[in-house]
Amino acid sequence: MGVRMKKYVHTLLSATALVASLAGPTMAADAAAPQGDQLYTAENPFAGFYIGVHAGGSSSVTDNTYVEHNVAGSDTDGNWDYIWGQTDGEFSQDASGYLAGVQAGANVVANGFLIGGEVRASLSSESSGVLESDDCIDGDFLCDGAFDPTDFYLVRDYSIDSVVLAQGKLGFATEQFAAYATAGLAMGHINLHSAYVLDTSDSWIGHFQSDFDTSEWVAGYTVGVGAEVALADGVTAGLSYNYIDYGTVETEGSVDFTAQEGTGTGYANRSDDITQQVVTIQLNKYF
């Protein structure tokens with residue numbers, strides 16, 4: 001977890017502690033009062049600190065994808081010196097998978113209203129398939145170099161292997177049921193890969209491939225909804241949905257270049273608009 005994520009988590013936990021401290025006198029007074037409808041007391045099963053586990057599924061989309069690779073090099077006879085590939089248009093790609101993890105948070109319930117906060121961390125198997133574009137003469141992307149463009153194409157894929165959410169909750173709670181809306185910060189660990197590939201029978205060019213790989217934590221925002229039912233002994237079961245928007249993710253760096261008859265060095269940059277949807281079931285233990 002990066003420095004920014006630690007800062008988000010620290011801020012959320014501090015705010016949660018403040019809310020709990022402010023609500024302390026009210027909760028104590030309610031406990032001393034004659035017991036009535038549990039909806040109006042601190043004894044509500046959805047009030048207090050909790051920890052739990054969750055599991056579910058996720059899916060995401062990369063839209064408006066732009067990829068550019070630039071490679072300078074030559075074969076053993078110096079027959080080519082520059083290769084350039086760039087997307088032309090709006091690519092999109094889907095990914096899906098499963099996730100599981102842990103959560104911790106706290107709720108205050110007063111007069112039927114619920115306010116709280118939660119931090120959730122998940123490991124995910126979400127991954128796209130490998131998508132291969134058509135050759136560059138059909139308008140999918142532009143290309144340049146001393147070779148037949150019908151042999152030039154783009155390969156790309158991506159995955160999201162971790163998701164962390166720090167979100168607030170606002171809703172209502174009865175003795176058996178709670179429902180709430182959520183909003184907050186999201187961090188996703190995203191892995192992106194793209195490769196321009198030339199595979200031609202021309203003996204003076206042969207085969208080459210420029211690969212660009214990047215892996216980084218990306219910040220975004222999340223909104224969602226959730227619901228829980230009380231089971232027994234401070235245990236609840238719930239269902240939640242989160243929409244996550246990571247915005248436009250821009251990456252750049254060097255490419256790994258391999259060639260049948262030559263050497264080269266390259267540089268790449270790309271941008272992707274990435275959104276994700278997560279659905280989970282969870283079990284919580286309140287204290």
# chains A, B, ... in the order shown; residues from 1 in each chain; ligands from 1
$ closest_atom_pairs --of "region 171-203 of chain A" --to "region 245-259 of chain A" --cutoff "9 Å" --atoms "only C-alpha atoms" --output "tab-separated table"
residue	atom	partner	partner_atom	distance
A:Ala186	CA	A:Tyr246	CA	7.9
A:Met187	CA	A:Tyr246	CA	8.0
A:Gly188	CA	A:Tyr246	CA	7.9
A:Leu192	CA	A:Thr251	CA	8.9
A:Ala195	CA	A:Val255	CA	8.8
$ residues_around --residues "region 95-100 of chain A" --least-positions-apart "3" --cutoff "7 Å" --atoms "only C-alpha atoms" --output "mmCIF file with N, CA and C atoms, in the first residue's frame"
data_model
loop_
_atom_site.group_PDB
_atom_site.id
_atom_site.type_symbol
_atom_site.label_atom_id
_atom_site.label_comp_id
_atom_site.auth_asym_id
_atom_site.auth_seq_id
_atom_site.Cartn_x
_atom_site.Cartn_y
_atom_site.Cartn_z
ATOM 1 N N HIS A 54 -15.181 -10.752 2.843
ATOM 2 C CA HIS A 54 -16.084 -10.622 1.707
ATOM 3 C C HIS A 54 -15.544 -11.402 0.511
ATOM 4 N N ALA A 55 -16.423 -11.683 -0.436
ATOM 5 C CA ALA A 55 -16.054 -12.348 -1.685
ATOM 6 C C ALA A 55 -17.087 -11.981 -2.735
ATOM 7 N N GLY A 56 -16.667 -12.003 -3.976
ATOM 8 C CA GLY A 56 -17.596 -11.645 -5.037
ATOM 9 C C GLY A 56 -16.931 -11.617 -6.403
ATOM 10 N N GLY A 57 -17.494 -10.800 -7.278
ATOM 11 C CA GLY A 57 -16.988 -10.697 -8.639
ATOM 12 C C GLY A 57 -16.817 -9.255 -9.046
ATOM 13 N N SER A 58 -16.016 -9.045 -10.091
ATOM 14 C CA SER A 58 -15.786 -7.688 -10.590
ATOM 15 C C SER A 58 -15.625 -7.719 -12.095
ATOM 16 N N SER A 59 -15.883 -6.585 -12.705
ATOM 17 C CA SER A 59 -15.671 -6.410 -14.141
ATOM 18 C C SER A 59 -15.235 -4.980 -14.389
ATOM 19 N N SER A 60 -14.517 -4.764 -15.471
ATOM 20 C CA SER A 60 -14.030 -3.421 -15.786
ATOM 21 C C SER A 60 -13.975 -3.225 -17.288
ATOM 22 N N VAL A 61 -13.813 -1.956 -17.662
ATOM 23 C CA VAL A 61 -13.730 -1.581 -19.072
ATOM 24 C C VAL A 61 -12.633 -0.538 -19.232
ATOM 25 N N SER A 122 -9.089 -5.950 -1.124
ATOM 26 C CA SER A 122 -9.419 -7.165 -1.862
ATOM 27 C C SER A 122 -8.281 -7.562 -2.796
ATOM 28 N N LEU A 123 -8.100 -8.862 -2.947
ATOM 29 C CA LEU A 123 -7.253 -9.421 -3.994
ATOM 30 C C LEU A 123 -8.165 -9.911 -5.106
ATOM 31 N N SER A 124 -7.765 -9.663 -6.356
ATOM 32 C CA SER A 124 -8.644 -9.926 -7.486
ATOM 33 C C SER A 124 -7.950 -10.755 -8.561
ATOM 34 N N SER A 125 -8.736 -11.570 -9.240
ATOM 35 C CA SER A 125 -8.250 -12.338 -10.386
ATOM 36 C C SER A 125 -8.653 -11.694 -11.706
ATOM 37 N N GLU A 126 -9.166 -10.476 -11.640
ATOM 38 C CA GLU A 126 -9.721 -9.840 -12.838
ATOM 39 C C GLU A 126 -8.674 -9.670 -13.937
ATOM 40 N N SER A 127 -8.988 -10.149 -15.121
ATOM 41 C CA SER A 127 -8.043 -10.075 -16.231
ATOM 42 C C SER A 127 -8.793 -10.106 -17.550
ATOM 43 N N SER A 128 -8.276 -9.369 -18.523
ATOM 44 C CA SER A 128 -8.843 -9.392 -19.864
ATOM 45 C C SER A 128 -8.204 -10.521 -20.658
#
$ select_by_dssp --residues "region 71-269 of chain A" --states "strand (DSSP E)" --output "VMD selection string"
chain A and resid 71 to 74 82 to 87 91 to 110 113 to 127 131 to 132 141 to 144 152 to 173 177 to 199 207 to 230 235 to 259 263 to 269
$ closest_residue --among "A:Val155, A:Ile190, A:Val108, A:Val119" --to "Asp272 (chain A)" --atoms "only C-alpha atoms"
A:Ile190
$ closest_residue --among "A:Gly112, A:Gly52, A:Gly184, A:Gly129" --to "Tyr243 (chain A)" --atoms "only C-alpha atoms"
A:Gly184
$ residues_around --residues "Tyr196 (chain A)" --least-positions-apart "4" --cutoff "8 Å" --atoms "only C-alpha atoms" --output "compact mmCIF listing (two decimals) with C-alpha atoms, in the first residue's frame"
# COMPACT_ATOMS: atom_id res chain seq x y z
CA HIS A 69 5.45 2.82 -29.52
CA GLY A 85 3.11 2.45 -34.21
CA PHE A 152 1.98 -5.06 -38.58
CA TYR A 153 -0.51 -5.40 -35.74
CA LEU A 154 -1.18 -4.47 -32.08
CA VAL A 155 -1.66 -6.87 -29.16
CA GLN A 209 8.13 -7.17 -31.31
CA SER A 210 8.08 -4.14 -29.00
CA ASP A 211 6.49 -4.85 -25.60
$ atom_distance --atom1 "CA of Thr65 (chain A)" --atom2 "CA of Leu198 (chain A)"
20.7 Å
$ residues_around --residues "Asn191 (chain A)" --least-positions-apart "6" --cutoff "9 Å" --atoms "only C-alpha atoms" --output "list in words"
Asp157, Tyr158, Ser159, Ile160, Asp161, Asp213, Thr214, Ser215 and Glu216 of chain A
$ write_last_selection --atoms "C-alpha atoms" --output "PDB file, in the first residue's frame"
ATOM      1  CA  ASP A 157      -4.278  -6.940 -22.418  1.00  0.00           C
ATOM      2  CA  TYR A 158      -4.649  -5.743 -18.814  1.00  0.00           C
ATOM      3  CA  SER A 159      -5.542  -6.895 -15.302  1.00  0.00           C
ATOM      4  CA  ILE A 160      -6.542  -5.451 -11.911  1.00  0.00           C
ATOM      5  CA  ASP A 161      -5.113  -7.598  -9.112  1.00  0.00           C
ATOM      6  CA  ASP A 213       4.474  -3.324 -19.556  1.00  0.00           C
ATOM      7  CA  THR A 214       3.462  -1.127 -16.650  1.00  0.00           C
ATOM      8  CA  SER A 215       2.095  -1.857 -13.188  1.00  0.00           C
ATOM      9  CA  GLU A 216       0.992   0.798 -10.700  1.00  0.00           C
TER      10      GLU A 216
END
$ residues_around --residues "Gly117 (chain A)" --least-positions-apart "4" --cutoff "7 Å" --atoms "only C-alpha atoms" --output "list in words"
Thr16, Gly105, Ala106, Asn107, Gln167, Gly168 and Lys169 of chain A
$ atom_distance --atom1 "CA of Tyr221 (chain A)" --atom2 "CA of Asp273 (chain A)"
13.3 Å
$ closest_residue --among "A:Ile83, A:Gly238, A:Asp94, A:Ala47" --to "Phe208 (chain A)" --atoms "only C-alpha atoms"
A:Ile83
$ closest_residue --among "A:Asn111, A:Gln86, A:Thr200, A:Thr222" --to "Thr182 (chain A)" --atoms "only C-alpha atoms"
A:Thr222
$ atom_distance --atom1 "CA of Asn242 (chain A)" --atom2 "CA of Gln176 (chain A)"
23.1 Å
$ residues_around --residues "Ala72 (chain A)" --least-positions-apart "2" --cutoff "8 Å" --atoms "only C-alpha atoms" --output "PyMOL selection string"
chain A and resi 70+74+81-83+264-266
$ write_last_selection --atoms "C-alpha atoms" --output "JSON list (two decimals), in the first residue's frame"
[["chain", "number", "residue", "atom", "x", "y", "z"],
["A", 70, "ASN", "CA", 8.58, 4.31, -31.05],
["A", 74, "SER", "CA", 18.53, -1.62, -37.46],
["A", 81, "ASP", "CA", 16.32, 2.60, -38.62],
["A", 82, "TYR", "CA", 12.90, 3.57, -37.28],
["A", 83, "ILE", "CA", 9.60, 1.88, -36.47],
["A", 264, "GLY", "CA", 16.69, -1.57, -31.11],
["A", 265, "THR", "CA", 15.63, 0.58, -28.20],
["A", 266, "GLY", "CA", 12.21, 2.10, -27.75]]
$ closest_residue --among "A:Leu165, A:Leu114, A:Glu132, A:Tyr267" --to "Val102 (chain A)" --atoms "only C-alpha atoms"
A:Leu165
